[in-house]
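A.B. asks: Have a look at this one.
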Amino acid sequence: MGKAEPTIRDLQRVIRDLVSLATIPASWIGREERHVAESAASLILHTLRVDAACVCIASSQHSIKAEKTFAYAGFLAAVNELQAELSQNASPTIETLTRPAWAVPLRVLIQPIGIAGEFGFIAAGCASSGFPSEADSLLLSVTANQLSVAFQTARLLEDKRASEQAARESEERFRAIVDTTPECVKLVARDGALLHINSAGLALVEADDAAAAIGRNVYDLIAPEDRDRFRVFNERVCDGERSSLQFDIIGLKGSRRKMETQAAPLRTASGATVQLAITHDVTERSRAAEARHRLAAIVESSDDAIISKDLRGIVTSWNRGAEAVFGYRPDEMIGQPILRLIPPELHNDESRILQTICRGERIQHFETVRVTKDGRRIDVSLTISPVRDDSGRIVGAAKIARDISQRKDTERALRTTERLASVGRLAATVAHEINNPLEAVTNLVYLARKATLRDDVREFLSNAEEELERVAQITKQTLGFYRETKGIATLQVGSTVESFISVFSRRARNKDATIRTDIHADVAIEAVPGEIRQLIGNLVANSIDAVAPGGRIAVRVAAAQRGGEDGVRLTVADDGHGIPEKVRAHLFQPFFTTKRDVGTGLGLWVGKSIVDKHRGSIRLRTSTRPGRSGTVFSVFLPCHATSVPEDTGATLQQAV
Amino acid sequence: MNLTNNPPDILVVDDEKRIADTLALILRSKDYLVTTAYNGLEAYESCRKVAPRLVITDVVMPQMNGVELAMKLRLEIPECSVLLFSGQASTADMLREANERGFEFELLAKPVHPEQLLTRVRELIGSGPSPAPPRN
């Protein structure tokens with residue numbers, strides 16, 4: 001076409017083409033690069049009315065090529081070669097290209113495309129020697145610009161699609177992980193709406209499918225007592241804090257379960273922060289823990305000693321009951337051999353026990369003796385069971401030891417009581433048989449003594465009378481005939497002591513002991529005389545038993561006062577062996593005796609009963625210090641026994 | 001045994017004859033007028049004829065026991081003192097029953113030493129013989 005002046009037709013054409021170029025590329029926006037390249041090549045071919053057109057964009061990652069031609073195959077390859085020769089010139093180039101396949105040479109206009117980091121061009125070839133006109137160059141340049149924009153837009157869209165795809169894939173992967181995880185994973189909105197929950201979560205809340213749970217308010221699933229706590233917790237997490245919480249839920253089907261949740265804030269696409277929570281079901285764990293605590297509490301609060309040991313007999317646990325029964329603290333026993341508790345002569349028991357345990361057998365109510373920390377021997381009843389590990393192997397023994405000392409004492413006391421009861425019954429039946437002949441003999445000896453003129457015979461009979469008096473005293477005491485029925489009378493305590501003490505003179509003499517009486521005032525009291533005599537008798541008899549040969553006993557009677565009330569103080573003191581501390585506590589208990597062969601264990605108990613019955617009080621001072629040992633019983637009796645209650649069982653007769 | 005027509009000072013009752021008799025001898029040695037009976041019924045009959053000032057009676061006896069005798073005497077001859085003596089524990093229960101019915105008796109436990117008995121008798125009825133001569 002040459003450099004001829006453009007005709008009006010030319011201008012009209014250029015304007016039309018510019019309009020079409022300006023409007024058509026709008027449809028490229030959002031299309032794929034390949035489609036854009038094809039479309040651009042066609043557009044150039046038809047709009048510029050050339051014989052060949054091509055588009056090429058190439059980078060190390062990808063290349064887009066499009067070629068449109070009627071009879072010039074290989075146009076793009078030829079342009080490409082040319083462009084390589086021209087070392088990728090960045091400005092438009094015009095060349096003539098010939099190829100053997102082509103009928104005629106082509107005039108070619110190459111317009112580079114500016115895309116960052118990439119090499120690209122757009123080219124048009126025309127057989128006409130006037131090609132390209134200025135209009136052609138302008139049109140190709142505009143097209144290249146349009147194409148650049150379209151490609152860059154396509155590239156952005158491509159990137160976006162790729163990243164969207166990646167996000168979708170990542171989300172799907174995440175969803176798959178979340179859905180298959182055995183823990184409950186859920187998203188909760190600030191207002192409590194359940195946004196997402198996995199299948200483990202659905203099972204926990206007892207929902208048949210997601211539709212039954214999603215969108216529901218989580219607060220409705222929380223047990224009422226935990227609801228407020230959960231609300232505060234959820235809001236705190238949604239405010240950006242990580243936190244954890246234990247709470248109970250009530251499932252859609254009504255079962256209550258205990259949950260523990262770990263939550264973190266999660267910012268969603270919409271910009272809101274929600275709670276992402278992983279929640280485990282801790283029902284079983286907490287049930288097991290509760291059961292363990294309960295058991296531990298039971299073990300700890302038991303009065304029985306509950307001890308575990310391994311198969312070597314080494315103590316592995318020691319409860320408070322064990323401490324109470326045996327006196328050892330846990331730190332003194334754990335890790336120590338259980339043999340510590342077993343008296344030396346019973347050490348063989350332990351190996352027998354362990355053998356039985358190793359056979360998997362229990363030992364029940366095995367009554368034996370154990371030794372406490374302070375060396376006391378106590379009666380215990382043992383129940384021992386094997387302890388197995390999870391695999392069923394026997395790894396030790398659990399032992400429950402009950403202190404049955406008291407029961408044994410009671411049994412012993414009961415046996416004594418029964419013995420005494422039978423003795424008592426025997427006494428009652430023989431009393432008459434003994435006392436009646438004794439009465440007759442006493443009378444006869446008295447008469448004989450009065451009748452005889454011989455001094456030696458009188459002396460013999462007098463001795464006989466003394467011995468009879470002794471027998472009488474013994475039968476009265478032993479057979480319990482200090483039985484007053486006359487009730488309350490006025491009694492001169494001093495005179496009573498004076499006259500009564502002579503009964504004991506022979507017994508004291510036999511022990512080479514002396515009894516001194518010291519009557520400060522012969523106070524009169526209202527009392528049951530026989531009982532007061534028995535009280536004095538029991539105290540004096542105890543003193544005689546307590547003193548060593550040559551010992552001294554002092555009985556003192558004096559006026560006294562107690563809280564403004566007049567009365568009498570009766571004191572029986574001896575310089576005997578004193579009463580050991582461990583005996584003192586039991587002193588006034590029935591059937592407690594240190595005089596194993598001769599004592600009934602009733603003397604002081606009866607004595608105290610009599611004192612109580614007369615509203616009096618009895619006190620004891622004693623010392624076992626060698627050289628200064630001795631015991632003083634001090635009894636206060638008020639002058640006026642306002643009312644002496646009916647027999648309270650103060651005498652042996654009633655005791656048996 | 002009552003040699004005079006005077007009422008006896010003391011009636012001693014015991015089904016053990018030897019006890020009744022020896023006690024009577026002891027009391028007579030102190031110049032008391034003493035009669036004896038060997039069971040409660042006999043004693044009661046005797047008292048109804050001539051009442052003594054004091055009856056010393058055993059408790060456990062056939063026919064009529066000492067407590068029954070004592071209660072009858074207390075009701076019928078209240079001026080006659082009664083002293084019970086017994087060697088048996090069951091006496092206490094009999095006495096408690098009597099007590100519940102409003103009777104109170106003194107009980108001495110067998111064996112009673114003669115001196116002790118004499119002291120008690122002297123306290124109850126004074127020294128023999130009866131009646132004590134009025135003092136001027």
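Starting from 1 in every chain, residues are counted up; chains themselves are A, B, ... following the order of the structure tokens, and ligands are numbered from 1 as listed.
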Please determine the contact residues of chain B with respect to chain A at a cut-off of 6 Å, counting only C-alpha atoms, and supply them as a list in words.

C.D. replies: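 So the contacting residues turn out to be Ile19, Thr22, Gly87, Gln88, Ala89, Glu106, Lys110 and Pro111 of chain B.
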
A.B. asks: Could you pull out all residues of chain B with a DSSP call of alpha helix (DSSP H) and give them as a PyMOL selection string?

C.D. replies: chain B and resi 17-29+40-49+66-76+91-100+114-125

A.B. asks: With C-alpha atoms retained, export the selected residues as a PDB file, in the first residue's frame.

C.D. replies:
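Just written: part_20.pdb:
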ATOM      1  CA  LYS B  17     -33.183 -76.923 166.806  1.00  0.00           C
ATOM      2  CA  ARG B  18     -29.537 -76.671 167.863  1.00  0.00           C
ATOM      3  CA  ILE B  19     -29.384 -73.018 166.910  1.00  0.00           C
ATOM      4  CA  ALA B  20     -32.606 -72.147 168.690  1.00  0.00           C
ATOM      5  CA  ASP B  21     -31.515 -73.995 171.792  1.00  0.00           C
ATOM      6  CA  THR B  22     -27.972 -72.621 171.998  1.00  0.00           C
ATOM      7  CA  LEU B  23     -29.224 -69.077 171.429  1.00  0.00           C
ATOM      8  CA  ALA B  24     -31.765 -69.567 174.184  1.00  0.00           C
ATOM      9  CA  LEU B  25     -28.991 -70.749 176.505  1.00  0.00           C
ATOM     10  CA  ILE B  26     -26.824 -67.732 175.685  1.00  0.00           C
ATOM     11  CA  LEU B  27     -29.708 -65.304 176.287  1.00  0.00           C
ATOM     12  CA  ARG B  28     -30.680 -67.032 179.492  1.00  0.00           C
ATOM     13  CA  SER B  29     -27.069 -66.696 180.700  1.00  0.00           C
ATOM     14  CA  GLY B  40     -42.970 -69.996 162.163  1.00  0.00           C
ATOM     15  CA  LEU B  41     -46.456 -71.308 162.758  1.00  0.00           C
ATOM     16  CA  GLU B  42     -45.580 -72.666 166.189  1.00  0.00           C
ATOM     17  CA  ALA B  43     -43.987 -69.338 167.044  1.00  0.00           C
ATOM     18  CA  TYR B  44     -47.050 -67.438 165.909  1.00  0.00           C
ATOM     19  CA  GLU B  45     -49.369 -69.642 167.995  1.00  0.00           C
ATOM     20  CA  SER B  46     -47.102 -69.166 170.991  1.00  0.00           C
ATOM     21  CA  CYS B  47     -47.070 -65.387 170.616  1.00  0.00           C
ATOM     22  CA  ARG B  48     -50.826 -65.247 170.336  1.00  0.00           C
ATOM     23  CA  LYS B  49     -51.043 -66.969 173.691  1.00  0.00           C
ATOM     24  CA  GLY B  66     -39.705 -65.622 159.392  1.00  0.00           C
ATOM     25  CA  VAL B  67     -40.807 -62.653 157.319  1.00  0.00           C
ATOM     26  CA  GLU B  68     -44.443 -63.798 157.253  1.00  0.00           C
ATOM     27  CA  LEU B  69     -44.265 -64.313 161.005  1.00  0.00           C
ATOM     28  CA  ALA B  70     -42.736 -60.887 161.510  1.00  0.00           C
ATOM     29  CA  MET B  71     -45.427 -59.200 159.407  1.00  0.00           C
ATOM     30  CA  LYS B  72     -48.238 -60.941 161.247  1.00  0.00           C
ATOM     31  CA  LEU B  73     -46.730 -59.968 164.606  1.00  0.00           C
ATOM     32  CA  ARG B  74     -46.207 -56.369 163.491  1.00  0.00           C
ATOM     33  CA  LEU B  75     -49.880 -56.181 162.555  1.00  0.00           C
ATOM     34  CA  GLU B  76     -51.346 -58.060 165.492  1.00  0.00           C
ATOM     35  CA  THR B  91     -33.831 -63.572 152.466  1.00  0.00           C
ATOM     36  CA  ALA B  92     -33.092 -60.193 150.959  1.00  0.00           C
ATOM     37  CA  ASP B  93     -35.754 -60.650 148.300  1.00  0.00           C
ATOM     38  CA  MET B  94     -38.322 -61.727 150.868  1.00  0.00           C
ATOM     39  CA  LEU B  95     -37.483 -58.671 152.913  1.00  0.00           C
ATOM     40  CA  ARG B  96     -37.734 -56.393 149.909  1.00  0.00           C
ATOM     41  CA  GLU B  97     -41.245 -57.651 149.237  1.00  0.00           C
ATOM     42  CA  ALA B  98     -42.126 -56.955 152.854  1.00  0.00           C
ATOM     43  CA  ASN B  99     -40.566 -53.548 152.466  1.00  0.00           C
ATOM     44  CA  GLU B 100     -42.734 -52.812 149.467  1.00  0.00           C
ATOM     45  CA  PRO B 114     -23.243 -64.023 170.561  1.00  0.00           C
ATOM     46  CA  GLU B 115     -21.723 -60.823 171.945  1.00  0.00           C
ATOM     47  CA  GLN B 116     -23.047 -58.842 169.007  1.00  0.00           C
ATOM     48  CA  LEU B 117     -26.482 -60.376 169.405  1.00  0.00           C
ATOM     49  CA  LEU B 118     -26.533 -59.645 173.136  1.00  0.00           C
ATOM     50  CA  THR B 119     -25.567 -56.035 172.442  1.00  0.00           C
ATOM     51  CA  ARG B 120     -28.427 -55.650 170.016  1.00  0.00           C
ATOM     52  CA  VAL B 121     -30.914 -57.314 172.341  1.00  0.00           C
ATOM     53  CA  ARG B 122     -29.847 -55.048 175.172  1.00  0.00           C
ATOM     54  CA  GLU B 123     -30.399 -52.064 172.905  1.00  0.00           C
ATOM     55  CA  LEU B 124     -33.874 -53.292 172.017  1.00  0.00           C
ATOM     56  CA  ILE B 125     -35.301 -54.429 175.338  1.00  0.00           C
TER      57      ILE B 125
END

A.B. asks: Please list as an NGL selection string every residue within 7 Å of Leu33 (chain B), counting only C-alpha atoms and excluding residues in the same chain fewer than 4 positions away.

C.D. replies: :B and (8-10 or 28 or 129)

A.B. asks: For Gly240 (chain A), work out the shell of residues within 9 Å, counting only C-alpha atoms and skipping chain neighbours fewer than 6 positions away, then give it as a short mmCIF file (atom, residue, chain, number, x, y, z; two decimals) with all heavy atoms, in the first residue's frame.

C.D. replies:
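Everything below was put into result.cif:
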data_model
loop_
_atom_site.label_atom_id
_atom_site.label_comp_id
_atom_site.auth_asym_id
_atom_site.auth_seq_id
_atom_site.Cartn_x
_atom_site.Cartn_y
_atom_site.Cartn_z
N ALA A 264 -10.27 -22.65 71.14
CA ALA A 264 -9.45 -21.54 70.65
C ALA A 264 -10.34 -20.66 69.78
O ALA A 264 -11.28 -21.15 69.17
CB ALA A 264 -8.28 -22.07 69.86
N PRO A 265 -10.05 -19.36 69.74
CA PRO A 265 -10.83 -18.48 68.88
C PRO A 265 -10.47 -18.74 67.41
O PRO A 265 -9.32 -19.06 67.10
CB PRO A 265 -10.39 -17.09 69.30
CG PRO A 265 -9.06 -17.28 69.96
CD PRO A 265 -9.01 -18.65 70.49
N LEU A 266 -11.45 -18.64 66.54
CA LEU A 266 -11.19 -18.84 65.10
C LEU A 266 -11.91 -17.74 64.35
O LEU A 266 -13.12 -17.53 64.52
CB LEU A 266 -11.72 -20.22 64.67
CG LEU A 266 -11.47 -20.57 63.23
CD1 LEU A 266 -10.00 -20.94 63.02
CD2 LEU A 266 -12.36 -21.73 62.79
N THR A 273 -15.52 -13.84 65.02
CA THR A 273 -14.68 -14.82 65.70
C THR A 273 -15.60 -15.83 66.38
O THR A 273 -16.55 -15.46 67.07
CB THR A 273 -13.78 -14.15 66.74
OG1 THR A 273 -13.02 -13.16 66.05
CG2 THR A 273 -12.83 -15.15 67.37
N VAL A 274 -15.30 -17.11 66.14
CA VAL A 274 -16.13 -18.16 66.74
C VAL A 274 -15.25 -19.05 67.58
O VAL A 274 -14.02 -18.93 67.57
CB VAL A 274 -16.85 -18.99 65.65
CG1 VAL A 274 -17.72 -18.10 64.78
CG2 VAL A 274 -15.83 -19.75 64.82
N GLN A 275 -15.89 -19.95 68.30
CA GLN A 275 -15.15 -20.87 69.15
C GLN A 275 -14.89 -22.17 68.38
O GLN A 275 -15.83 -22.82 67.93
CB GLN A 275 -15.97 -21.19 70.41
CG GLN A 275 -15.21 -22.10 71.36
CD GLN A 275 -16.11 -22.89 72.31
OE1 GLN A 275 -15.76 -23.97 72.70
NE2 GLN A 275 -17.25 -22.33 72.68
#
